[in-house]
$ cat upload26.tsv   # TSV, C-alpha atoms and all ligand atoms
chain	number	residue	atom	x	y	z
N	178	MET	CA	17.20	46.73	-5.99
N	179	LYS	CA	16.40	45.35	-9.45
N	180	PRO	CA	17.01	41.67	-10.27
N	181	LYS	CA	20.59	40.90	-11.26
N	182	ILE	CA	21.63	39.97	-14.78
N	183	VAL	CA	24.36	37.42	-15.41
N	184	ILE	CA	25.73	37.18	-18.94
N	185	GLY	CA	28.10	34.44	-20.06
N	186	ASN	CA	30.54	35.48	-22.79
N	187	TRP	CA	32.05	32.25	-24.10
N	188	LYS	CA	34.40	34.18	-26.42
N	189	MET	CA	35.96	31.84	-29.06
N	190	ASN	CA	35.77	28.62	-27.05
N	191	LYS	CA	34.15	25.15	-27.18
N	192	ASN	CA	33.62	22.73	-30.04
N	193	PHE	CA	30.08	21.85	-31.10
N	194	ASP	CA	29.66	18.89	-28.73
N	195	GLU	CA	31.10	20.83	-25.80
N	196	ALA	CA	28.79	23.74	-26.53
N	197	GLU	CA	25.77	21.44	-26.56
N	198	GLU	CA	26.92	19.81	-23.34
N	199	LEU	CA	27.42	23.12	-21.57
N	200	ILE	CA	23.96	24.38	-22.55
N	201	THR	CA	22.37	21.12	-21.38
N	202	GLU	CA	24.29	21.17	-18.09
N	203	ILE	CA	23.35	24.77	-17.33
N	204	THR	CA	19.70	24.04	-18.20
N	205	GLU	CA	19.63	20.98	-15.94
N	206	LYS	CA	21.32	22.71	-13.05
N	207	LEU	CA	18.88	25.60	-13.21
N	208	GLU	CA	15.83	23.37	-13.41
N	209	GLY	CA	13.44	23.92	-10.54
N	210	TYR	CA	14.84	27.36	-9.72
N	211	ASN	CA	12.29	30.08	-9.86
N	212	LEU	CA	14.95	32.45	-11.11
N	213	GLU	CA	14.64	36.17	-10.58
N	214	THR	CA	18.10	36.71	-11.98
N	215	GLU	CA	18.13	37.05	-15.74
N	216	VAL	CA	20.67	34.86	-17.47
N	217	VAL	CA	22.04	35.33	-20.98
N	218	LEU	CA	24.33	32.96	-22.86
N	219	CYS	CA	26.55	34.45	-25.57
N	220	PRO	CA	28.20	31.56	-27.41
N	221	PRO	CA	30.22	31.91	-30.62
N	222	LEU	CA	27.83	32.80	-33.42
N	223	VAL	CA	27.90	29.34	-35.04
N	224	TYR	CA	26.31	27.93	-31.89
N	225	ALA	CA	23.72	30.68	-31.52
N	226	GLU	CA	20.94	28.47	-32.83
N	227	LEU	CA	21.70	25.86	-30.17
N	228	VAL	CA	21.08	28.52	-27.56
N	229	THR	CA	18.04	30.10	-29.23
N	230	ASP	CA	16.43	26.64	-29.57
N	231	HIS	CA	16.76	26.14	-25.82
N	232	ALA	CA	15.90	29.73	-24.96
N	233	ASN	CA	12.67	29.43	-26.94
N	234	GLU	CA	11.45	26.49	-24.87
N	235	GLU	CA	8.82	27.33	-22.29
N	236	GLY	CA	10.30	28.12	-18.91
N	237	ALA	CA	13.85	28.27	-20.29
N	238	PRO	CA	16.20	29.71	-17.68
N	239	PHE	CA	18.16	31.90	-20.07
N	240	TYR	CA	18.03	34.23	-23.05
N	241	ALA	CA	20.12	33.94	-26.19
N	242	GLY	CA	22.86	36.44	-26.92
N	243	VAL	CA	25.83	36.78	-29.26
N	244	GLN	CA	29.19	38.52	-29.10
N	245	ASN	CA	29.19	40.68	-32.20
N	246	VAL	CA	27.13	42.10	-35.06
N	247	SER	CA	27.82	43.93	-38.29
N	248	GLU	CA	27.65	47.72	-38.26
N	249	TYR	CA	26.01	47.50	-41.71
N	250	GLU	CA	22.42	46.74	-42.58
N	251	ASN	CA	22.53	43.93	-45.17
N	252	GLY	CA	24.28	43.38	-48.50
N	253	ALA	CA	27.78	42.87	-49.91
N	254	TYR	CA	29.73	42.60	-46.65
N	255	THR	CA	31.48	39.24	-46.90
N	256	GLY	CA	31.76	37.41	-43.61
N	257	GLU	CA	29.40	39.70	-41.72
N	258	VAL	CA	26.14	38.95	-39.92
N	259	SER	CA	23.44	41.62	-39.68
N	260	ALA	CA	21.29	42.57	-36.70
N	261	GLU	CA	18.25	41.64	-38.78
N	262	MET	CA	19.61	38.09	-39.21
N	263	LEU	CA	20.22	37.84	-35.47
N	264	ALA	CA	16.68	39.02	-34.79
N	265	ASN	CA	15.37	36.41	-37.24
N	266	MET	CA	17.21	33.81	-35.17
N	267	ASP	CA	15.54	35.07	-31.98
N	268	VAL	CA	18.74	36.46	-30.50
N	269	SER	CA	17.80	38.89	-27.72
N	270	PHE	CA	21.13	40.38	-26.59
N	271	CYS	CA	24.42	41.30	-28.27
N	272	ILE	CA	27.73	42.39	-26.74
N	273	VAL	CA	29.30	45.42	-28.46
N	274	GLY	CA	32.56	47.25	-27.90
N	275	HIS	CA	34.26	44.48	-25.96
N	276	SER	CA	37.88	45.45	-25.33
N	277	GLU	CA	39.04	42.42	-27.33
N	278	ARG	CA	37.12	43.70	-30.35
N	279	ARG	CA	38.41	47.21	-29.79
N	280	LYS	CA	42.00	45.90	-29.55
N	281	TYR	CA	42.14	43.16	-32.22
N	282	PHE	CA	39.46	44.30	-34.67
N	283	GLY	CA	39.70	48.08	-34.56
N	284	GLU	CA	36.25	48.61	-33.09
N	285	THR	CA	36.05	52.35	-32.36
N	286	ASN	CA	33.38	54.21	-30.41
N	287	ALA	CA	31.89	55.32	-33.76
N	288	ILE	CA	31.59	51.68	-34.90
N	289	VAL	CA	30.19	50.65	-31.51
N	290	LEU	CA	27.51	53.33	-31.90
N	291	LYS	CA	26.56	52.11	-35.39
N	292	LYS	CA	26.32	48.54	-34.12
N	293	MET	CA	24.10	49.62	-31.24
N	294	GLN	CA	21.82	51.44	-33.64
N	295	ARG	CA	21.53	48.40	-35.91
N	296	LEU	CA	20.70	46.24	-32.89
N	297	LEU	CA	18.14	48.67	-31.48
N	298	ALA	CA	16.43	48.91	-34.85
N	299	ASN	CA	15.97	45.15	-34.63
N	300	ASP	CA	14.87	44.99	-30.98
N	301	ILE	CA	18.06	43.37	-29.73
N	302	VAL	CA	19.54	44.67	-26.47
N	303	PRO	CA	23.10	45.96	-26.91
N	304	VAL	CA	25.45	45.30	-24.00
N	305	MET	CA	27.93	48.12	-24.42
N	306	CYS	CA	31.35	47.39	-22.92
N	307	CYS	CA	33.71	50.05	-21.64
N	308	GLY	CA	36.80	50.08	-19.48
N	309	GLU	CA	40.33	51.34	-19.13
N	310	SER	CA	43.76	49.74	-19.56
N	311	LEU	CA	46.23	49.25	-16.72
N	312	GLU	CA	48.36	52.16	-17.98
N	313	GLU	CA	45.32	54.42	-18.01
N	314	ARG	CA	44.40	53.45	-14.46
N	315	LYS	CA	47.95	53.95	-13.25
N	316	ALA	CA	47.93	57.39	-14.86
N	317	ASN	CA	44.65	58.12	-13.05
N	318	GLN	CA	42.85	58.49	-16.38
N	319	HIS	CA	40.30	55.72	-15.82
N	320	PHE	CA	37.35	58.01	-15.20
N	321	SER	CA	38.03	60.23	-18.22
N	322	VAL	CA	38.60	57.22	-20.51
N	323	VAL	CA	35.31	55.60	-19.52
N	324	GLN	CA	33.48	58.94	-19.67
N	325	LYS	CA	34.67	59.43	-23.27
N	326	GLN	CA	33.55	55.92	-24.22
N	327	VAL	CA	30.11	56.62	-22.75
N	328	GLU	CA	29.81	60.07	-24.31
N	329	GLU	CA	30.77	58.90	-27.79
N	330	THR	CA	28.30	56.01	-27.71
N	331	LEU	CA	25.41	56.28	-25.24
N	332	TYR	CA	25.18	60.09	-25.42
N	333	GLN	CA	24.44	59.77	-29.14
N	334	LEU	CA	21.27	57.75	-28.51
N	335	THR	CA	17.76	59.07	-28.04
N	336	PRO	CA	16.18	58.50	-24.61
N	337	ASP	CA	13.94	55.87	-26.19
N	338	GLN	CA	17.01	54.01	-27.43
N	339	MET	CA	18.92	54.47	-24.19
N	340	GLU	CA	16.12	52.75	-22.29
N	341	ARG	CA	16.95	49.54	-24.14
N	342	VAL	CA	20.71	49.46	-23.65
N	343	MET	CA	22.88	47.79	-21.00
N	344	VAL	CA	26.39	48.77	-20.01
N	345	ALA	CA	29.24	46.52	-18.87
N	346	TYR	CA	32.30	48.00	-17.19
N	347	GLU	CA	35.23	45.71	-17.86
N	348	PRO	CA	38.62	47.07	-16.82
N	349	ILE	CA	41.04	45.58	-19.34
N	350	TRP	CA	43.56	44.72	-16.62
N	351	ALA	CA	40.97	42.45	-14.97
N	352	ILE	CA	39.93	40.49	-18.08
N	353	GLY	CA	41.21	36.92	-18.06
N	354	THR	CA	43.97	37.84	-15.60
N	355	GLY	CA	42.51	36.60	-12.34
N	356	GLU	CA	43.03	40.11	-11.04
N	357	THR	CA	39.47	41.17	-10.24
N	358	ALA	CA	38.65	44.78	-9.50
N	359	THR	CA	37.96	45.10	-5.79
N	360	PRO	CA	34.29	45.49	-4.92
N	361	GLU	CA	35.11	49.11	-4.01
N	362	GLN	CA	36.75	49.78	-7.38
N	363	ALA	CA	33.82	48.22	-9.22
N	364	GLN	CA	31.30	50.18	-7.16
N	365	GLU	CA	33.21	53.43	-7.59
N	366	MET	CA	33.32	53.15	-11.39
N	367	LEU	CA	29.76	51.89	-11.80
N	368	ALA	CA	28.46	54.76	-9.67
N	369	PHE	CA	30.51	57.12	-11.83
N	370	ILE	CA	29.07	55.66	-15.06
N	371	ARG	CA	25.59	56.04	-13.59
N	372	SER	CA	26.32	59.68	-12.81
N	373	VAL	CA	27.53	60.28	-16.38
N	374	ILE	CA	24.30	58.73	-17.70
N	375	GLU	CA	22.31	60.86	-15.25
N	376	LYS	CA	23.85	64.07	-16.56
N	377	LYS	CA	22.50	63.46	-20.04
N	378	PHE	CA	19.39	61.36	-19.50
N	379	GLY	CA	18.21	62.21	-15.97
N	380	THR	CA	17.91	60.35	-12.70
N	381	GLU	CA	15.21	57.85	-13.63
N	382	MET	CA	17.12	56.61	-16.66
N	383	ALA	CA	20.35	56.42	-14.66
N	384	VAL	CA	18.71	54.38	-11.92
N	385	ASN	CA	16.98	52.05	-14.37
N	386	THR	CA	19.97	51.39	-16.64
N	387	TYR	CA	21.58	48.03	-16.08
N	388	ILE	CA	25.29	48.42	-15.44
N	389	LEU	CA	27.28	45.21	-15.07
N	390	TYR	CA	30.80	44.44	-13.92
N	391	GLY	CA	33.10	42.12	-15.89
N	392	GLY	CA	36.69	40.97	-15.43
N	393	SER	CA	37.70	37.81	-13.54
N	394	CYS	CA	34.31	37.63	-11.88
N	395	ASN	CA	33.95	34.08	-10.57
N	396	ALA	CA	32.05	31.77	-8.22
N	397	LYS	CA	34.08	33.02	-5.24
N	398	ASN	CA	33.90	36.78	-5.69
N	399	ALA	CA	30.50	37.21	-7.38
N	400	LEU	CA	28.52	37.60	-4.16
N	401	GLU	CA	30.68	40.43	-2.88
N	402	LEU	CA	30.71	42.20	-6.24
N	403	PHE	CA	26.97	41.83	-6.76
N	404	SER	CA	26.32	43.15	-3.24
N	405	GLN	CA	27.62	46.57	-4.23
N	406	GLN	CA	24.86	49.09	-4.66
N	407	ASP	CA	25.51	49.98	-8.30
N	408	VAL	CA	26.53	46.53	-9.57
N	409	ASP	CA	23.50	45.17	-11.43
N	410	GLY	CA	25.15	41.89	-12.38
N	411	GLY	CA	28.11	40.46	-14.24
N	412	LEU	CA	29.55	39.82	-17.67
N	413	ILE	CA	31.39	36.57	-17.19
N	414	GLY	CA	34.15	35.17	-19.41
N	415	GLY	CA	36.21	32.18	-18.21
N	416	ALA	CA	33.86	31.18	-15.40
N	417	SER	CA	30.92	30.96	-17.82
N	418	LEU	CA	32.59	28.01	-19.56
N	419	LYS	CA	32.02	25.70	-16.58
N	420	ALA	CA	28.41	24.98	-15.69
N	421	ASP	CA	29.15	24.61	-11.95
N	422	ASP	CA	30.93	27.93	-11.68
N	423	PHE	CA	28.45	29.77	-13.86
N	424	VAL	CA	25.48	28.49	-11.86
N	425	LYS	CA	27.20	29.52	-8.61
N	426	ILE	CA	27.51	33.04	-10.00
N	427	ILE	CA	23.80	32.99	-10.88
N	428	GLU	CA	23.08	31.81	-7.33
N	429	ALA	CA	25.05	34.79	-6.02
N	430	GLY	CA	22.74	36.99	-8.10
N	431	GLU	CA	19.72	35.24	-6.61
N	432	THR	CA	21.01	35.66	-3.07
N	433	VAL	CA	21.55	39.40	-3.46
N	434	THR	CA	18.26	39.95	-5.29
N	435	LYS	CA	16.24	38.03	-2.71
N	436	ASP	CA	17.98	39.67	0.28
N	437	ASN	CA	16.82	43.07	-0.89
M	501	LIG	P1	36.97	36.89	-17.71
M	501	LIG	O1	35.77	36.65	-16.83
M	501	LIG	O2	37.53	35.64	-18.28
M	501	LIG	O3	37.98	37.76	-17.03
M	501	LIG	O4	36.44	37.72	-18.96
M	501	LIG	C1	35.65	38.83	-18.76
M	501	LIG	C2	35.10	39.26	-20.06
M	501	LIG	O5	35.82	39.76	-20.91
M	501	LIG	C3	33.67	39.05	-20.31
M	501	LIG	O6	33.25	39.72	-21.44
$ encode --input "upload26.tsv" --output "structure tokens" --more "lines below"
Ligand code: 13P
Amino acid sequence: MKPKIVIGNWKMNKNFDEAEELITEITEKLEGYNLETEVVLCPPLVYAELVTDHANEEGAPFYAGVQNVSEYENGAYTGEVSAEMLANMDVSFCIVGHSERRKYFGETNAIVLKKMQRLLANDIVPVMCCGESLEERKANQHFSVVQKQVEETLYQLTPDQMERVMVAYEPIWAIGTGETATPEQAQEMLAFIRSVIEKKFGTEMAVNTYILYGGSCNAKNALELFSQQDVDGGLIGGASLKADDFVKIIEAGETVTKDN
């Protein structure tokens, strides 16, 4: 089993002092760990430099990530931030296609694909989110919805690009609701996503691709979720805003990685 990855998505939370405090607390709590689990912090963009400064220190326990990037290269795009700028800031990971961006900001699969390509051209790892709504699950459409999201994004990449992408399955009904997918539901969908990747890119790529679960993953349920065969880690929202909880989730990753 490969080492787990735990990514904290802070969304639009924390003032500057709180952001600094959270980074310091997480750093202190992880001091002395010889972590196998990879940890990524994705703060709001204005605090990215706080995270990259820490991430660049020797022995830092986490990598720097962000939550969004422009689909365009550079130029007259007021308010946007390019992948090249993120790379200049030493950002290593970027979330794309989060359901909140799809819902509130009209991010389509075509836009998600463009963003991934901009990121890959600048050596930043895209974390491509997919997942179905409650209505879609109730209508038994969850597999076809996720398959379409994967086909319209990942299937458009070359194998060389695909090697550098991560996937996060986040059922919309589980995000911020406290209603986590059961470990069985998470496993079932992640195994399905892996099989969809396998069809296009082959077994080795499918096995090596990091596929994470997100949606009300917390200190209590992380161990059980991470113990599922196809769950390579978690994309954590609310619970990543509290150092204690976030570190417990990382510890769950460590436990599973070291037990295998
Ligand atoms: P919660 O962990 O708050 O449910 O959020 C999940 C998420 O959207 C992470 O990207």
$ atom_distance --input "upload26.tsv" --atom1 "atom CA of N:Met293" --atom2 "atom CA of N:Glu329"
11.9 Å
$ residues_near_ligand --input "upload26.tsv" --ligand "ligand LIG 501 (chain M)" --cutoff "8 Å" --atoms "all atoms listed in the file" --output "NGL selection string"
:N and (185-188 or 275-277 or 347 or 349 or 351-355 or 357 or 391-395 or 412-417)
$ closest_residue --input "upload26.tsv" --among "N:Thr359, N:Pro238, N:His319, N:Tyr224" --to "N:Glu202" --atoms "all atoms listed in the file"
N:Pro238
$ residues_around --input "upload26.tsv" --residues "N:Asn437" --least-positions-apart "2" --cutoff "10 Å" --atoms "all atoms listed in the file" --output "VMD selection string"
chain N and resid 178 to 180 404 432 to 435
$ closest_residue --input "upload26.tsv" --among "N:Ser321, N:Gln364, N:Asn299, N:Thr285" --to "N:Leu263" --atoms "all atoms listed in the file"
N:Asn299
$ residues_around --input "upload26.tsv" --residues "N:Gln294" --least-positions-apart "6" --cutoff "10 Å" --atoms "all atoms listed in the file" --output "list in words"
Glu248, Tyr249, Ala260, Ile288, Asp300, Ile301, Pro303, Thr330, Gln333, Leu334 and Gln338 of chain N
$ closest_residue --input "upload26.tsv" --among "N:Asn190, N:Ser269, N:Gln318, N:Gln244" --to "N:Cys306" --atoms "only C-alpha atoms"
N:Gln244
$ atom_distance --input "upload26.tsv" --atom1 "atom CA of N:Glu284" --atom2 "atom CA of N:Val223"
21.1 Å
$ atom_distance --input "upload26.tsv" --atom1 "atom CA of N:Leu212" --atom2 "atom CA of N:Val268"
20.2 Å
$ closest_residue --input "upload26.tsv" --among "N:Tyr254, N:Phe403, N:Trp350, N:Phe239" --to "N:Ala429" --atoms "all atoms listed in the file"
N:Phe403
$ residues_near_point --input "upload26.tsv" --point "(28.5, 40.5, -39.1)" --cutoff "6 Å" --atoms "all atoms listed in the file" --output "PyMOL selection string"
chain N and resi 246-247+257-259
$ closest_residue --input "upload26.tsv" --among "N:Thr380, N:Asp422, N:Val373, N:Asn251" --to "N:Lys397" --atoms "all atoms listed in the file"
N:Asp422
$ residues_around --input "upload26.tsv" --residues "N:Gly236" --least-positions-apart "4" --cutoff "10 Å" --atoms "all atoms listed in the file" --output "list of chain:residue names"
N:Glu208, N:Gly209, N:Asn211, N:His231, N:Ala232
$ closest_residue --input "upload26.tsv" --among "N:Ile182, N:Val216, N:Leu311, N:Ala287" --to "N:Val408" --atoms "all atoms listed in the file"
N:Ile182
$ residues_around --input "upload26.tsv" --residues "N:Gly242" --least-positions-apart "6" --cutoff "8 Å" --atoms "all atoms listed in the file" --output "number ranges by chain"
N: 217-220, 225, 268-272
$ residues_around --input "upload26.tsv" --residues "N:Gly410" --least-positions-apart "3" --cutoff "7 Å" --atoms "all atoms listed in the file" --output "list of chain:residue names"
N:Lys181, N:Ile182, N:Val183, N:Leu389, N:Tyr390, N:Phe403, N:Gly430
